[in-house]
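Q: This is entry_14.csv, which holds CSV, C-alpha atoms:
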```
chain,number,residue,atom,x,y,z
G,1,MET,CA,56.4,-51.9,-121.0
G,2,GLU,CA,58.6,-53.1,-118.1
G,3,ASP,CA,56.8,-50.7,-115.7
G,4,ILE,CA,53.4,-52.0,-116.7
G,5,VAL,CA,54.4,-55.6,-116.2
G,6,THR,CA,55.9,-54.7,-112.8
G,7,LYS,CA,52.8,-52.8,-111.8
G,8,GLU,CA,50.5,-55.6,-112.7
G,9,ARG,CA,52.7,-58.2,-110.9
G,10,VAL,CA,52.9,-56.0,-107.8
G,11,LEU,CA,49.1,-55.4,-107.8
G,12,SER,CA,48.4,-59.1,-107.7
G,13,ARG,CA,51.0,-59.9,-105.0
G,14,ARG,CA,49.8,-60.8,-101.5
G,15,ILE,CA,50.7,-57.9,-99.2
G,16,CYS,CA,50.3,-59.8,-96.0
G,17,GLU,CA,49.5,-63.3,-95.0
G,18,CYS,CA,47.1,-62.0,-92.4
G,19,GLY,CA,44.0,-61.3,-94.4
G,20,GLU,CA,45.5,-62.8,-97.6
G,21,LYS,CA,44.7,-59.5,-99.4
G,22,SER,CA,46.5,-58.5,-102.6
G,23,VAL,CA,48.1,-55.1,-103.1
G,24,GLN,CA,45.2,-54.1,-105.3
G,25,GLU,CA,42.7,-55.1,-102.7
G,26,ALA,CA,44.6,-53.2,-100.0
G,27,ILE,CA,44.7,-50.1,-102.2
G,28,ASP,CA,41.0,-50.3,-102.7
G,29,ILE,CA,40.4,-50.6,-99.0
G,30,PHE,CA,42.7,-47.7,-98.1
G,31,ASP,CA,41.1,-45.7,-100.8
G,32,GLU,CA,37.6,-46.1,-99.5
G,33,THR,CA,38.3,-45.4,-95.8
G,34,ASP,CA,39.1,-42.3,-93.9
G,35,LEU,CA,40.1,-44.2,-90.8
G,36,PRO,CA,43.7,-43.7,-89.4
G,37,TYR,CA,46.4,-46.2,-90.4
G,38,LYS,CA,46.0,-48.4,-87.3
G,39,LYS,CA,42.3,-49.0,-88.0
G,40,ALA,CA,42.5,-49.0,-91.8
G,41,LYS,CA,45.2,-51.7,-91.6
G,42,LYS,CA,42.9,-53.9,-89.6
G,43,LEU,CA,40.5,-53.8,-92.6
G,44,VAL,CA,43.2,-55.4,-94.7
G,45,THR,CA,44.7,-57.9,-92.3
G,46,GLY,CA,41.7,-58.6,-90.1
G,47,CYS,CA,43.8,-58.5,-87.0
G,48,ASN,CA,45.1,-56.0,-84.5
G,49,LYS,CA,48.7,-57.0,-84.7
G,50,SER,CA,51.3,-54.8,-86.4
G,51,CYS,CA,52.1,-57.4,-89.0
G,52,CYS,CA,53.5,-56.5,-92.4
G,53,ARG,CA,54.1,-53.0,-91.0
G,54,ARG,CA,56.6,-51.6,-93.5
G,55,PRO,CA,54.8,-52.5,-96.8
G,56,LEU,CA,51.3,-51.8,-95.4
G,57,MET,CA,52.2,-48.4,-93.9
G,58,ALA,CA,54.1,-47.4,-97.0
G,59,LEU,CA,51.1,-48.3,-99.2
G,60,PHE,CA,48.7,-46.5,-96.9
G,61,LYS,CA,50.8,-43.3,-97.1
G,62,MET,CA,51.1,-43.6,-100.9
G,63,VAL,CA,47.3,-44.0,-101.3
G,64,GLU,CA,46.8,-41.0,-99.0
G,65,PHE,CA,49.4,-39.0,-101.1
G,66,GLY,CA,47.8,-40.1,-104.4
G,67,ALA,CA,50.7,-41.8,-106.1
G,68,ILE,CA,51.9,-45.4,-105.6
G,69,ASP,CA,55.5,-46.5,-106.2
G,70,TYR,CA,55.0,-50.1,-107.1
G,71,GLU,CA,58.7,-50.8,-107.2
G,72,GLU,CA,59.1,-49.7,-103.6
G,73,ILE,CA,56.1,-51.7,-102.5
G,74,ASN,CA,57.5,-54.7,-104.3
G,75,PHE,CA,60.9,-54.1,-102.5
G,76,LEU,CA,59.2,-53.8,-99.1
G,77,ILE,CA,57.2,-57.0,-99.6
G,78,ASP,CA,60.3,-58.8,-100.6
G,79,GLN,CA,62.1,-57.4,-97.6
G,80,PHE,CA,59.4,-58.5,-95.2
G,81,GLU,CA,59.2,-62.0,-96.8
G,82,GLY,CA,63.0,-62.3,-96.5
G,83,ARG,CA,63.0,-61.7,-92.8
G,84,LYS,CA,60.7,-64.6,-92.0
Q,1,MET,CA,91.7,-43.7,-117.7
Q,2,ASN,CA,91.7,-41.0,-115.0
Q,3,LEU,CA,89.1,-40.8,-112.2
Q,4,TYR,CA,87.0,-38.1,-113.9
Q,5,ASP,CA,86.8,-40.1,-117.2
Q,6,ASP,CA,85.9,-43.2,-115.3
Q,7,PHE,CA,83.2,-41.5,-113.3
Q,8,ILE,CA,81.8,-39.8,-116.4
Q,9,GLU,CA,81.7,-43.1,-118.2
Q,10,TRP,CA,79.7,-44.6,-115.3
Q,11,VAL,CA,77.3,-41.6,-115.4
Q,12,GLU,CA,76.7,-42.1,-119.1
Q,13,ARG,CA,76.4,-45.9,-118.8
Q,14,ASN,CA,73.7,-45.5,-116.2
Q,15,ASN,CA,71.9,-42.7,-118.1
Q,16,LEU,CA,72.4,-40.3,-115.3
Q,17,ASP,CA,73.8,-37.4,-117.4
Q,18,SER,CA,70.6,-35.4,-116.9
Q,19,ILE,CA,71.3,-35.5,-113.2
Q,20,ILE,CA,75.1,-35.4,-112.9
Q,21,PRO,CA,77.2,-32.9,-114.9
Q,22,THR,CA,79.9,-34.4,-117.0
Q,23,ALA,CA,82.4,-31.6,-116.9
Q,24,PRO,CA,85.2,-32.2,-114.4
Q,25,SER,CA,85.0,-28.6,-113.1
Q,26,LEU,CA,81.3,-29.0,-112.4
Q,27,LEU,CA,81.9,-32.3,-110.7
Q,28,ASP,CA,84.3,-30.5,-108.4
Q,29,GLU,CA,81.6,-28.1,-107.4
Q,30,LEU,CA,78.8,-30.6,-106.9
Q,31,THR,CA,77.6,-30.5,-103.3
Q,32,MET,CA,74.3,-32.4,-103.5
Q,33,LEU,CA,73.5,-35.5,-105.4
Q,34,ASP,CA,70.2,-37.3,-105.5
Q,35,LEU,CA,70.4,-40.7,-107.1
Q,36,SER,CA,67.4,-42.3,-105.3
Q,37,LYS,CA,65.4,-44.9,-107.1
Q,38,HIS,CA,67.6,-45.4,-110.2
Q,39,ARG,CA,68.0,-49.2,-110.0
Q,40,LEU,CA,71.7,-48.7,-109.4
Q,41,GLN,CA,73.6,-51.9,-108.6
Q,42,GLU,CA,76.9,-50.3,-107.9
Q,43,LEU,CA,78.6,-47.0,-107.3
Q,44,PRO,CA,82.0,-46.6,-109.0
Q,45,ASP,CA,85.3,-46.3,-107.0
Q,46,SER,CA,85.8,-43.0,-108.9
Q,47,ILE,CA,82.9,-41.5,-106.9
Q,48,GLU,CA,85.8,-39.9,-104.9
Q,49,VAL,CA,86.0,-37.2,-107.6
Q,50,LEU,CA,82.9,-35.6,-105.9
Q,51,SER,CA,85.2,-34.1,-103.3
Q,52,ASN,CA,82.8,-31.3,-102.3
Q,53,LEU,CA,79.7,-33.5,-101.9
Q,54,THR,CA,77.9,-32.8,-98.7
Q,55,VAL,CA,74.6,-34.7,-99.3
Q,56,LEU,CA,74.4,-38.1,-101.1
Q,57,LYS,CA,71.0,-39.7,-101.6
Q,58,ILE,CA,71.2,-43.2,-103.0
Q,59,ALA,CA,68.0,-44.7,-101.4
Q,60,GLY,CA,65.9,-47.2,-103.2
Q,61,ASN,CA,68.5,-48.7,-105.4
Q,62,LYS,CA,69.9,-52.3,-105.6
Q,63,LEU,CA,73.2,-51.6,-104.1
Q,64,THR,CA,74.8,-54.6,-102.4
Q,65,LYS,CA,78.0,-52.7,-101.4
Q,66,LEU,CA,79.5,-49.3,-101.3
Q,67,PRO,CA,83.0,-48.5,-102.7
Q,68,ASP,CA,85.8,-48.2,-100.2
Q,69,THR,CA,86.6,-44.8,-101.8
Q,70,ILE,CA,83.4,-43.4,-100.2
Q,71,GLY,CA,85.7,-42.6,-97.3
Q,72,LYS,CA,87.3,-39.9,-99.4
Q,73,LEU,CA,84.2,-37.8,-99.6
Q,74,LYS,CA,85.5,-35.8,-96.6
Q,75,ASN,CA,82.8,-33.1,-96.8
Q,76,LEU,CA,79.9,-35.5,-96.7
Q,77,ARG,CA,77.5,-34.5,-94.0
Q,78,ASN,CA,74.3,-36.5,-95.0
Q,79,ILE,CA,74.1,-39.9,-96.5
Q,80,GLN,CA,70.7,-41.4,-97.3
Q,81,CYS,CA,71.2,-45.1,-98.3
Q,82,ASN,CA,68.0,-46.6,-97.1
Q,83,ASN,CA,66.2,-49.4,-98.9
Q,84,ASN,CA,69.1,-51.0,-100.6
Q,85,LEU,CA,70.6,-54.5,-100.3
Q,86,LEU,CA,73.8,-53.7,-98.4
Q,87,THR,CA,75.2,-56.5,-96.3
Q,88,GLU,CA,78.1,-54.5,-95.0
Q,89,ILE,CA,79.4,-50.9,-94.7
Q,90,PRO,CA,83.0,-50.4,-95.7
Q,91,GLU,CA,85.5,-49.7,-92.9
Q,92,SER,CA,86.4,-46.4,-94.6
Q,93,ILE,CA,83.1,-44.9,-93.6
Q,94,GLY,CA,84.8,-44.0,-90.3
Q,95,GLU,CA,86.9,-41.5,-92.3
Q,96,LEU,CA,83.8,-39.4,-93.0
Q,97,GLU,CA,84.4,-37.1,-90.1
Q,98,SER,CA,81.8,-34.5,-91.2
Q,99,LEU,CA,78.9,-36.9,-91.3
Q,100,ILE,CA,75.9,-35.7,-89.3
Q,101,VAL,CA,73.0,-37.6,-90.7
Q,102,VAL,CA,73.1,-41.3,-91.6
Q,103,ASN,CA,70.3,-43.4,-92.9
Q,104,PHE,CA,71.0,-47.1,-93.7
Q,105,SER,CA,67.5,-48.4,-92.8
Q,106,GLY,CA,66.0,-51.2,-94.9
Q,107,ASN,CA,69.3,-53.0,-95.8
Q,108,LYS,CA,70.7,-56.3,-94.7
Q,109,LEU,CA,73.4,-55.2,-92.3
Q,110,SER,CA,74.3,-57.8,-89.7
Q,111,ALA,CA,77.0,-55.7,-88.1
Q,112,LEU,CA,78.6,-52.2,-88.3
Q,113,PRO,CA,82.3,-51.7,-88.9
Q,114,LYS,CA,84.3,-50.7,-85.8
Q,115,SER,CA,85.2,-47.4,-87.5
Q,116,PHE,CA,81.5,-46.5,-87.6
Q,117,TYR,CA,81.7,-45.5,-84.0
Q,118,ASN,CA,84.3,-42.8,-84.9
Q,119,LEU,CA,81.6,-40.7,-86.5
Q,120,SER,CA,81.5,-38.5,-83.5
Q,121,HIS,CA,79.5,-35.7,-85.2
Q,122,LEU,CA,76.5,-37.8,-85.9
Q,123,THR,CA,73.2,-36.4,-84.7
Q,124,ARG,CA,70.7,-38.6,-86.6
Q,125,LEU,CA,71.2,-42.3,-87.0
Q,126,ASN,CA,68.7,-44.6,-88.7
Q,127,LEU,CA,69.5,-48.3,-88.8
Q,128,ALA,CA,66.0,-49.6,-88.8
Q,129,THR,CA,65.0,-52.9,-90.6
Q,130,ASN,CA,68.4,-54.5,-90.8
Q,131,CYS,CA,69.8,-57.7,-89.3
Q,132,LEU,CA,71.8,-56.3,-86.5
Q,133,LYS,CA,72.3,-58.6,-83.5
Q,134,SER,CA,74.4,-56.3,-81.4
Q,135,LEU,CA,76.0,-52.9,-81.2
Q,136,ASP,CA,79.4,-52.2,-79.9
Q,137,GLU,CA,80.2,-50.6,-76.5
Q,138,ASP,CA,81.8,-47.8,-78.6
Q,139,MET,CA,78.3,-46.6,-79.5
Q,140,LYS,CA,78.9,-44.4,-76.4
Q,141,LYS,CA,81.3,-42.3,-78.4
Q,142,LEU,CA,78.4,-41.0,-80.5
Q,143,THR,CA,77.5,-38.4,-77.9
Q,144,LYS,CA,75.9,-35.9,-80.2
Q,145,LEU,CA,73.1,-38.2,-81.3
Q,146,ILE,CA,69.6,-36.6,-80.9
Q,147,TYR,CA,67.7,-39.2,-83.0
Q,148,ILE,CA,68.3,-43.0,-83.0
Q,149,SER,CA,66.1,-45.5,-84.8
Q,150,LEU,CA,67.0,-49.2,-84.4
Q,151,ASP,CA,63.6,-50.8,-84.9
Q,152,THR,CA,63.2,-54.1,-86.6
Q,153,ASN,CA,66.5,-55.7,-86.0
Q,154,TYR,CA,67.5,-58.8,-83.9
Q,155,LEU,CA,68.9,-56.9,-80.9
Q,156,LYS,CA,68.6,-58.8,-77.6
Q,157,GLU,CA,70.4,-56.2,-75.5
Q,158,LEU,CA,71.9,-52.8,-75.9
Q,159,PRO,CA,75.3,-51.6,-74.7
Q,160,ASP,CA,75.2,-49.2,-71.8
Q,161,CYS,CA,76.0,-46.3,-74.2
Q,162,PHE,CA,73.5,-43.5,-73.5
Q,163,GLY,CA,75.1,-41.8,-70.5
Q,164,ASP,CA,76.8,-39.0,-72.5
Q,165,MET,CA,74.0,-38.5,-75.1
Q,166,GLU,CA,72.7,-35.5,-73.4
Q,167,SER,CA,70.6,-34.2,-76.3
Q,168,LEU,CA,68.9,-37.5,-77.3
Q,169,TYR,CA,65.2,-36.8,-77.7
Q,170,PHE,CA,64.0,-39.7,-79.9
Q,171,LEU,CA,64.7,-43.4,-79.4
Q,172,GLU,CA,63.0,-46.1,-81.5
Q,173,LEU,CA,63.7,-49.7,-80.5
Q,174,SER,CA,60.6,-51.4,-81.7
Q,175,TYR,CA,60.6,-55.0,-83.0
Q,176,ASN,CA,63.7,-56.3,-81.5
Q,177,GLN,CA,64.1,-59.0,-78.7
Q,178,LEU,CA,64.8,-56.6,-75.9
Q,179,THR,CA,63.9,-57.3,-72.3
Q,180,THR,CA,65.6,-54.4,-70.4
Q,181,LEU,CA,66.7,-50.9,-71.0
Q,182,PRO,CA,70.3,-50.1,-70.3
Q,183,ASP,CA,70.9,-48.2,-67.0
Q,184,SER,CA,72.6,-45.3,-68.8
Q,185,LEU,CA,69.3,-44.4,-70.6
Q,186,SER,CA,68.1,-43.0,-67.2
Q,187,GLU,CA,70.8,-40.3,-67.6
Q,188,VAL,CA,69.2,-38.9,-70.8
Q,189,GLU,CA,67.1,-36.2,-69.4
Q,190,GLU,CA,65.9,-34.7,-72.7
Q,191,LEU,CA,64.3,-37.9,-74.0
Q,192,GLU,CA,60.8,-37.0,-75.4
Q,193,THR,CA,59.9,-40.0,-77.6
Q,194,LEU,CA,60.5,-43.7,-76.6
Q,195,ILE,CA,59.1,-46.4,-78.8
Q,196,LEU,CA,59.5,-49.9,-77.4
Q,197,GLU,CA,56.8,-51.7,-79.4
Q,198,GLY,CA,57.1,-55.4,-80.2
Q,199,ASN,CA,59.7,-56.4,-77.6
Q,200,ASN,CA,59.5,-58.2,-74.3
Q,201,PHE,CA,60.2,-55.4,-71.8
Q,202,LYS,CA,59.7,-56.1,-68.1
Q,203,ASN,CA,60.7,-54.2,-65.0
Q,204,LEU,CA,60.2,-50.8,-66.5
Q,205,LYS,CA,60.7,-48.9,-63.2
Q,206,ALA,CA,63.7,-47.1,-64.9
Q,207,LEU,CA,61.2,-45.2,-67.0
Q,208,GLU,CA,60.1,-43.2,-64.0
Q,209,VAL,CA,63.0,-40.8,-64.3
Q,210,HIS,CA,61.9,-39.7,-67.8
Q,211,ASP,CA,59.7,-36.9,-66.7
Q,212,MET,CA,60.1,-35.1,-70.0
Q,213,LEU,CA,58.8,-38.0,-72.1
Q,214,VAL,CA,56.0,-36.8,-74.4
Q,215,ARG,CA,55.4,-40.1,-76.3
Q,216,LEU,CA,55.7,-43.6,-75.0
Q,217,ASN,CA,54.8,-46.7,-77.0
Q,218,LEU,CA,54.8,-50.1,-75.2
Q,219,ASN,CA,52.6,-52.0,-77.7
Q,220,GLU,CA,53.0,-55.8,-78.0
Q,221,ASN,CA,55.2,-56.4,-75.0
Q,222,GLY,CA,53.2,-59.1,-73.3
Q,223,LEU,CA,52.6,-56.7,-70.4
Q,224,THR,CA,50.1,-58.0,-67.8
Q,225,GLU,CA,50.5,-54.9,-65.6
Q,226,LEU,CA,52.2,-51.5,-65.6
Q,227,ASP,CA,55.0,-52.3,-63.2
Q,228,PHE,CA,56.1,-48.7,-62.8
Q,229,ASP,CA,54.6,-45.5,-61.6
Q,230,ILE,CA,53.3,-44.0,-64.8
Q,231,SER,CA,52.3,-40.8,-63.0
Q,232,LYS,CA,56.0,-39.8,-62.9
Q,233,LEU,CA,55.8,-39.2,-66.6
Q,234,GLU,CA,54.1,-35.9,-66.0
Q,235,ASP,CA,54.7,-34.5,-69.5
Q,236,LEU,CA,53.3,-37.5,-71.3
Q,237,GLN,CA,50.9,-36.6,-74.1
Q,238,ILE,CA,50.7,-39.9,-76.1
Q,239,LEU,CA,50.6,-43.3,-74.4
Q,240,SER,CA,50.2,-46.5,-76.4
Q,241,LEU,CA,49.7,-49.8,-74.8
Q,242,ASP,CA,48.0,-51.8,-77.5
Q,243,SER,CA,48.1,-55.6,-77.8
Q,244,ASN,CA,49.3,-56.4,-74.3
Q,245,GLU,CA,47.5,-58.5,-71.7
Q,246,LEU,CA,46.5,-55.8,-69.3
Q,247,THR,CA,43.4,-56.6,-67.2
Q,248,THR,CA,43.4,-53.4,-65.1
Q,249,LEU,CA,45.0,-50.0,-65.2
Q,250,PRO,CA,46.4,-48.2,-62.2
Q,251,ASP,CA,44.7,-45.1,-60.7
Q,252,SER,CA,48.0,-43.3,-61.2
Q,253,LEU,CA,47.2,-43.2,-64.9
Q,254,CYS,CA,44.6,-40.5,-64.1
Q,255,GLU,CA,47.3,-38.2,-62.9
Q,256,LEU,CA,48.7,-37.7,-66.4
Q,257,GLU,CA,47.1,-34.3,-66.8
Q,258,ASN,CA,48.8,-33.6,-70.2
Q,259,LEU,CA,47.7,-36.8,-71.8
Q,260,LYS,CA,46.0,-36.3,-75.2
Q,261,GLU,CA,46.0,-39.7,-76.7
Q,262,LEU,CA,45.6,-43.0,-74.9
Q,263,SER,CA,45.5,-46.3,-76.9
Q,264,LEU,CA,44.6,-49.6,-75.2
Q,265,THR,CA,43.4,-51.7,-78.2
Q,266,SER,CA,43.5,-55.5,-77.8
Q,267,ASN,CA,44.0,-55.9,-74.1
Q,268,GLU,CA,41.9,-57.7,-71.6
Q,269,LEU,CA,40.5,-54.8,-69.7
Q,270,SER,CA,37.2,-55.4,-68.0
Q,271,ALA,CA,37.1,-52.0,-66.3
Q,272,LEU,CA,38.7,-48.6,-66.5
Q,273,PRO,CA,39.9,-46.6,-63.4
Q,274,ASP,CA,37.0,-44.7,-61.7
Q,275,CYS,CA,39.1,-41.6,-62.0
Q,276,ILE,CA,39.5,-41.8,-65.8
Q,277,GLY,CA,37.5,-38.5,-66.1
Q,278,ASN,CA,40.4,-36.7,-64.5
Q,279,LEU,CA,42.2,-36.9,-67.9
Q,280,GLU,CA,40.7,-33.6,-68.9
Q,281,ASN,CA,43.0,-33.0,-71.8
Q,282,LEU,CA,42.4,-36.4,-73.4
Q,283,GLU,CA,41.4,-36.0,-77.1
Q,284,GLU,CA,41.6,-39.5,-78.4
Q,285,LEU,CA,40.9,-42.8,-76.6
Q,286,ASP,CA,41.1,-46.2,-78.2
Q,287,LEU,CA,39.5,-49.0,-76.2
Q,288,GLU,CA,38.7,-51.3,-79.1
Q,289,ASP,CA,38.9,-55.1,-78.5
Q,290,ASN,CA,38.8,-55.3,-74.7
Q,291,GLU,CA,36.2,-56.8,-72.3
Q,292,LEU,CA,34.5,-53.7,-71.0
Q,293,ALA,CA,30.9,-54.0,-70.1
Q,294,THR,CA,30.5,-50.6,-68.4
Q,295,LEU,CA,32.3,-47.3,-68.2
Q,296,PRO,CA,33.0,-45.4,-65.0
Q,297,GLU,CA,30.6,-42.5,-64.1
Q,298,SER,CA,33.4,-40.0,-64.5
Q,299,PHE,CA,33.8,-41.0,-68.2
Q,300,SER,CA,31.5,-38.2,-69.2
Q,301,ASN,CA,33.9,-35.7,-67.7
Q,302,LEU,CA,36.2,-36.2,-70.6
Q,303,LYS,CA,35.1,-32.9,-72.1
Q,304,ASN,CA,37.9,-32.6,-74.7
Q,305,LEU,CA,37.5,-36.2,-76.0
Q,306,LYS,CA,37.1,-36.0,-79.8
Q,307,LYS,CA,37.7,-39.5,-81.0
Q,308,LEU,CA,36.5,-42.7,-79.2
Q,309,PHE,CA,37.1,-46.2,-80.5
Q,310,ILE,CA,35.3,-48.7,-78.3
Q,311,ALA,CA,34.0,-51.5,-80.7
Q,312,ASP,CA,34.5,-55.1,-79.8
Q,313,ASN,CA,33.8,-54.9,-76.1
Q,314,ASN,CA,31.0,-56.5,-74.0
Q,315,SER,CA,28.0,-54.5,-74.9
Q,316,VAL,CA,29.3,-51.3,-73.4
Q,317,THR,CA,27.1,-48.3,-73.5
Q,318,VAL,CA,28.7,-44.9,-74.3
Q,319,PRO,CA,27.2,-42.0,-72.3
Q,320,ASP,CA,25.8,-39.1,-74.2
Q,321,MET,CA,28.8,-37.0,-75.2
Q,322,PRO,CA,27.7,-34.6,-77.9
Q,323,TRP,CA,31.2,-33.1,-78.2
Q,324,LEU,CA,32.6,-36.3,-79.6
Q,325,GLU,CA,33.5,-36.0,-83.3
Q,326,PHE,CA,33.9,-39.7,-83.9
Q,327,CYS,CA,32.8,-42.8,-82.1
Q,328,ASP,CA,32.9,-46.3,-83.8
Q,329,LYS,CA,29.9,-47.3,-81.8
Q,330,GLY,CA,26.6,-45.7,-82.8
```
Spit out the file's structure as structure tokens when you get a sec.

A:
Amino acid sequence: MEDIVTKERVLSRRICECGEKSVQEAIDIFDETDLPYKKAKKLVTGCNKSCCRRPLMALFKMVEFGAIDYEEINFLIDQFEGRK
Amino acid sequence: MNLYDDFIEWVERNNLDSIIPTAPSLLDELTMLDLSKHRLQELPDSIEVLSNLTVLKIAGNKLTKLPDTIGKLKNLRNIQCNNNLLTEIPESIGELESLIVVNFSGNKLSALPKSFYNLSHLTRLNLATNCLKSLDEDMKKLTKLIYISLDTNYLKELPDCFGDMESLYFLELSYNQLTTLPDSLSEVEELETLILEGNNFKNLKALEVHDMLVRLNLNENGLTELDFDISKLEDLQILSLDSNELTTLPDSLCELENLKELSLTSNELSALPDCIGNLENLEELDLEDNELATLPESFSNLKNLKKLFIADNNSVTVPDMPWLEFCDKG
């Protein structure tokens, strides 16, 4: 039960203030593109900066691999937010 | 309670008995332990019973500190402790004389203990995404390093520590606040990868000696020009200069005959060098988000170009290049 709650909470979290997309929206975008990370990332954030690099790159690789570790994404978003 | 009993109790309390044997004789024999992603908040002092441990993976937990007794794991060669919540590393880490590989990336370290620089056998060091503001001069004692990642810290300068790191081939310094490279880096002849993204580097003439560099990343450095002779980097295969303020590129760029990937996204380029077609091994070219209106005549000489990104320019027309596998402009 705890995992399901965590997953839903993570899916609804904002992954980056650039683009204001949620984790779920970012997953859908990464899932639907075959562009490399640098370009796929721009579809999420709408900018060419390397913002939110760790959570976004990790999520991109997880989508590519086919399995998402929500706890790790949550940690990486927390980590990024904590550095601001 | 003896150390074995204490350790076994900790194993059982954390439901790790399917991973860690609970017989003292088997604990003595344990050489590799993977406790990654188990939501661990602490390791017990009694971890010292794992006297033959060579590899310890504790990444992705919630560890805020490591026990001082970790220094008693004398056979430890590889510690993977990335993505935890460590604010410090115990001084005893310096006693781990066998350590070769260390990964403390993604923690909250603001400094390293002085003893850390006694780990003279280290070959791979990853301290990315911490809160490091400086490194000690004693870093120069880590002469066997071949791989260093220090990206995403708060470093404003580096100690002049690279002179004896003869085998260093990978150096990642992205997302710090660096403006210059230490002079001693020029003595590292084997350097193949240098990632400097997200700093404020200027006066990069020192790079010219690195004629074995294969990959150079200078993204997001506020560069208005390339203030060094890039043609000296004759082995360069991947060059990334994204998100700078470049308005022109030097003709010397065209002498990089081994270049396979060139990325120039989000600059202010209004023209490419006329000689761009000399880059006959170029396979991927990213020119997105510049101010290009035309391409030089020689552009169609890029016979090995497979991927071209050129969207968000000034109505530039791409010549007929049927060998292109991907172009973001139809």

Q: In Å, with one decimal, what is the gap from CA of Pro44 in chain Q to CA of Asp68 in chain Q?

A: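 CA of Asp68 in chain Q lies 9.7 Å from CA of Pro44 in chain Q.
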
Q: Sort by chain and increasing residue number a table of all residues of chain G within 8 Å of chain Q, each with its closest pair of atoms and their distance in Å to one decimal, counting only C-alpha atoms, and write it as CSV.

A:
```
residue,atom,partner,partner_atom,distance
G:Asn48,CA,Q:Ser266,CA,6.9
G:Lys49,CA,Q:Ser243,CA,7.1
G:Glu72,CA,Q:Gly60,CA,7.3
G:Phe75,CA,Q:Asn83,CA,7.9
G:Gln79,CA,Q:Gly106,CA,7.8
```

Q: Quote the spacing between CA of Lys72 in chain Q and CA of Ser134 in chain Q in Å to one decimal place.

A: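 Interatomic distance here is 27.6 Å.
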
Q: Looking at G:Ser22, G:Thr33, G:Ser50, G:Thr45, which one is nearest to Ile77 in chain G, with distances taken over all atoms listed in the file?

A: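 Closest residue, counting all atoms listed in the file: G:Ser22.
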
Q: Could you check the closest approach to Lys7 in chain G for each of G:Ala40, G:Cys52, G:Phe80, G:Gln24 and tell me which residue wins, using all atoms listed in the file?

A: G:Gln24

Q: Anything within 8 Å of (42.9, -57.6, -92.7): list those residues as an MDAnalysis selection string, counting only C-alpha atoms and sticking to the file's coordinates.

A: chainID G and resid 18:21 41:47

Q: So that I can see what lies close to Glu29 in chain Q, please list as a ChimeraX atom specification the residues with an atom at most 12 Å from it, counting all atoms listed in the file and leaving out residues fewer than 3 positions away in the same chain.

A: /Q:20-26,32-33,49-54,75

Q: Mind giving me the straight-line distance from CA of Ala271 in chain Q to CA of Leu241 in chain Q in Å, one decimal?

A: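 Those two atoms sit 15.4 Å apart.
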
Q: For Leu287 in chain Q, which of Q:Leu269, Q:Leu27, Q:Leu324, Q:Leu204 is the closest residue, counting only C-alpha atoms?

A: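 The answer is Q:Leu269, which sits nearest to Leu287 in chain Q.
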
Q: Ranking G:Ile27, G:Ser12, G:Pro55, G:Phe60 by minimum distance to Ile73 in chain G and counting only C-alpha atoms, which one comes first?

A: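 Of G:Ile27, G:Ser12, G:Pro55, G:Phe60, the one nearest Ile73 in chain G is G:Pro55, counting only C-alpha atoms.
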